[in-house]
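Trainee: Sending over a structure as C-alpha cells; questions will come in a sec.
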Amino acid sequence: MTTSQQPDASPVCEPSNSRETSVLAPVWVMAGLAFQEARQRWLLWVALLLGVAYLSLFAVGLHFMYRDLTRQMGPALDRLIEPVNFVLMAGLYGVSFMSVMMSVLLSVDTIAGEISSGSIQTLVTKPMRRWQFILGKWLGLAALLSLFTLLLSGGVMAIVYSIARHVPHHPIQGVSLMLLQTLVVLTLSILGGTRLSTLTNGVVVFMLYGLAFVAAWIEQIGAFLRNQTAVNLGIAVSLIMPSEAMWKRAAYVMQPPFLREIGLDATPFGAVSAPSQAMVVYALVYLALALAAALIAFQHRDL
C-alpha cells in the first residue's frame, strides 16, 4: 500500500524591503515625535512668528534704503548692485545665525533632558533600539531646521528680488551650505547630549561655535593682510568645528564675481579667503562621523 507524499510547503521568504521598513519604522516614529514635541512646546510656532517678524523688518528696511539709493544714484541696477548685495548678504547672515542658534536650542536638551527626567525609559524599549531613537530624533530636528532655514533664506531672496530685482549667484549651492552648517551644529549638540548634561552640552557647543567664528575671522584677516601663518591657523582651528567655514563658503559662492575680483566682499558678510570644496567634503565627513559617534555613545550609556 503506497501513500501519496505531500509536497513540502515552500518556505515563505519575507521580502527584504518589508524587513527594512520594519527596522526603519521606529525611526520615522521618533522623527514625527520630534515635530510633535516642538509644536507642543510652541517652539515651532514661536520660530515661525519670529521668522515672519524678521522678514517683515528686513523688507521694510530694504524698501526705504532702496528708495533713497535710487534717488541718489539713479535706477540703474549695475550701480546699485554693491549696496543691494551687501544688504542681501547681511539678511542671509542673520538667517544663518538664527538657524545655528535654533539648532542648539532645539537639540541641547533633547537627549540629556530626557535622561535626567527618566522619560527616556519609556521610549528606549523593545522593539525600539537605541540607534533608532537617536537617528529618529536627528531626522526630525534636521527636517525642522531645514524647513526653518529654507523658508527664511528663500524669504530674504524673494524680498530682495521683488524690491531690487537682484538674485544672488548660485543661490541653491549657497543655501545648501547654510543647511550643512546648521546640521553640523545640530549633530554635535546631539552627540554631546549622549554624554553630557544639558548645561554642559550647551556651553560646549556654544564655545565650539565661538571658536569656529574667531578662527574664520583670523583666516579672513590673515588673507587680507597676506599673512599665510594666520590663514593656516584659522584653517586648522576650523577643522575642529567647520560650521563658520560653511557660511564663508556660502557667502563666497553667492557673491557677484566682480566683487570677488576687486576685493569688495571683504565685509562681515563676505569672504576674502573662501574655504575650498575640500572643506565642504570634510564637513560632510565630520557630520557623518559625529552622527555615528552619537549612535555608538548612546548605545553604551547606562540609563
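For the C-alpha cells, the naming scheme is as follows: chains receive sequential letters (A, B, ...) according to their order of presentation, residues are indexed from 1 within each chain, and ligands are indexed from 1 in presentation order.
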List as a PyMOL selection string the protein and nucleic acid residues near Thr182 (chain A), meaning an atom at most 8 Å away when only C-alpha atoms are counted, but skip any in the same chain fewer than 6 places from it.
Mentor: chain A and resi 96+99-100+103+145+243
Trainee: Suppose we keep C-alpha atoms; can you now write the selection as a CSV table (one decimal), in the first residue's frame?
Mentor:
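The resulting file, again.csv, is reproduced below:
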```csv
chain,number,residue,atom,x,y,z
A,96,SER,CA,22.5,81.6,9.2
A,99,SER,CA,19.5,78.7,12.2
A,100,VAL,CA,22.6,77.8,14.2
A,103,SER,CA,19.8,74.0,16.2
A,145,LEU,CA,15.7,73.2,11.0
A,243,SER,CA,30.4,75.5,10.9
```
Trainee: Using only C-alpha atoms, determine which residues lie at most 8 Å from Leu62 (chain A), disregarding the query and same-chain residues fewer than 2 positions distant; provide the list as an NGL selection string.
Mentor: :A and (58-60 or 64-66 or 87 or 160 or 163)
Trainee: Tell me, which residues of region 135-277 of chain A carry DSSP helix (DSSP H, G or I), written as a PyMOL selection string?
Mentor: chain A and resi 135-164+171-193+198-224+228-238+243-254+257-262+277
Trainee: Applying 12 Å and only C-alpha atoms, which residues near Ser146 (chain A) remain after dropping the ones on its own chain fewer than 3 positions away? List them as a PyMOL selection string.
Mentor: chain A and resi 95-96+99-100+102-103+138-143+149-154+175-183+186
Trainee: Between A:Phe224, A:Trp131, A:Phe258, A:Phe213, which one has atoms that come closest to Ala293 (chain A), using only C-alpha atoms?
Mentor: A:Trp131
Trainee: Which value, in Å to one decimal, gives the distance between CA of Asn227 (chain A) and CA of Val214 (chain A)?
Mentor: 16.1 Å
Trainee: Have a look at A:Ile240, A:Leu233, A:Ala288, A:Met89 and name the one nearest to Tyr252 (chain A); count only C-alpha atoms.
Mentor: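 Selected residue with least distance to Tyr252 (chain A): A:Met89.
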Trainee: Name the closest residue to Gly193 (chain A) among the candidates A:Ala215, A:Ala90, A:Met73, A:Leu291; distances are taken between atoms, counting only C-alpha atoms.
Mentor: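 Nearest candidate to Gly193 (chain A) out of A:Ala215, A:Ala90, A:Met73, A:Leu291: A:Leu291.
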Trainee: Considering only C-alpha atoms, return as a PyMOL selection string whatever protein or nucleic-acid residues lie within 9 Å of Ala230 (chain A), sequence-local ones (same chain, fewer than 3 positions apart) excluded.
Mentor: chain A and resi 218-223+226-227+233-235
Trainee: Would you put the residues from that selection into a file with C-alpha atoms, as a PDB file, in the first residue's frame?
Mentor:
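Ended up saving to again_0.pdb:
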```pdb
ATOM      1  CA  ILE A 218      41.630  85.033  11.821  1.00  0.00           C
ATOM      2  CA  GLU A 219      41.717  83.371   8.404  1.00  0.00           C
ATOM      3  CA  GLN A 220      39.938  86.300   6.711  1.00  0.00           C
ATOM      4  CA  ILE A 221      42.157  88.957   8.290  1.00  0.00           C
ATOM      5  CA  GLY A 222      45.237  86.892   7.522  1.00  0.00           C
ATOM      6  CA  ALA A 223      44.166  86.636   3.868  1.00  0.00           C
ATOM      7  CA  ARG A 226      48.575  88.302   3.136  1.00  0.00           C
ATOM      8  CA  ASN A 227      49.745  86.603   6.318  1.00  0.00           C
ATOM      9  CA  LEU A 233      45.945  78.912  11.920  1.00  0.00           C
ATOM     10  CA  GLY A 234      42.361  79.809  11.062  1.00  0.00           C
ATOM     11  CA  ILE A 235      42.021  76.782   8.799  1.00  0.00           C
TER      12      ILE A 235
END
```
Trainee: Measuring atom to atom with only C-alpha atoms, identify which of A:Ala251, A:Arg301, A:Val23, A:Ala283 is nearest to Gln132 (chain A).
Mentor: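 Of A:Ala251, A:Arg301, A:Val23, A:Ala283, the one nearest Gln132 (chain A), counting only C-alpha atoms, is A:Val23.
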Trainee: Nearest to Gly202 (chain A) among A:Ala31, A:Val167, A:Leu43, A:Leu188, with distances taken over only C-alpha atoms: which residue is it?
Mentor: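 Of A:Ala31, A:Val167, A:Leu43, A:Leu188, the one nearest Gly202 (chain A), counting only C-alpha atoms, is A:Leu188.
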Trainee: Could you name the residues that touch Gly174 (chain A) at 8 Å or less, counting only C-alpha atoms, but leaving out those on the same chain fewer than 6 positions away, as a ChimeraX atom specification?
Mentor: /A:249-251,253-254
Trainee: Tell me which of A:Pro242, A:Thr110, A:Tyr161, A:Val156 sits closest to Leu57 (chain A), counting only C-alpha atoms.
Mentor: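 Checking each of A:Pro242, A:Thr110, A:Tyr161, A:Val156 against Leu57 (chain A), counting only C-alpha atoms, the winner is A:Val156.
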Trainee: When you look at Ala112 (chain A) with a cut-off of 10 Å (counting only C-alpha atoms), what residues show up, excluding the ones that are within fewer than 5 positions of it in the same chain? I need them as a PyMOL selection string.
Mentor: chain A and resi 107+117-118+120+190+192-201
Trainee: Would you mind reading off the distance between CA of Leu49 (chain A) and CA of Gly155 (chain A), one decimal, in Å?
Mentor: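 Between CA of Leu49 (chain A) and CA of Gly155 (chain A) the gap works out to 13.5 Å.
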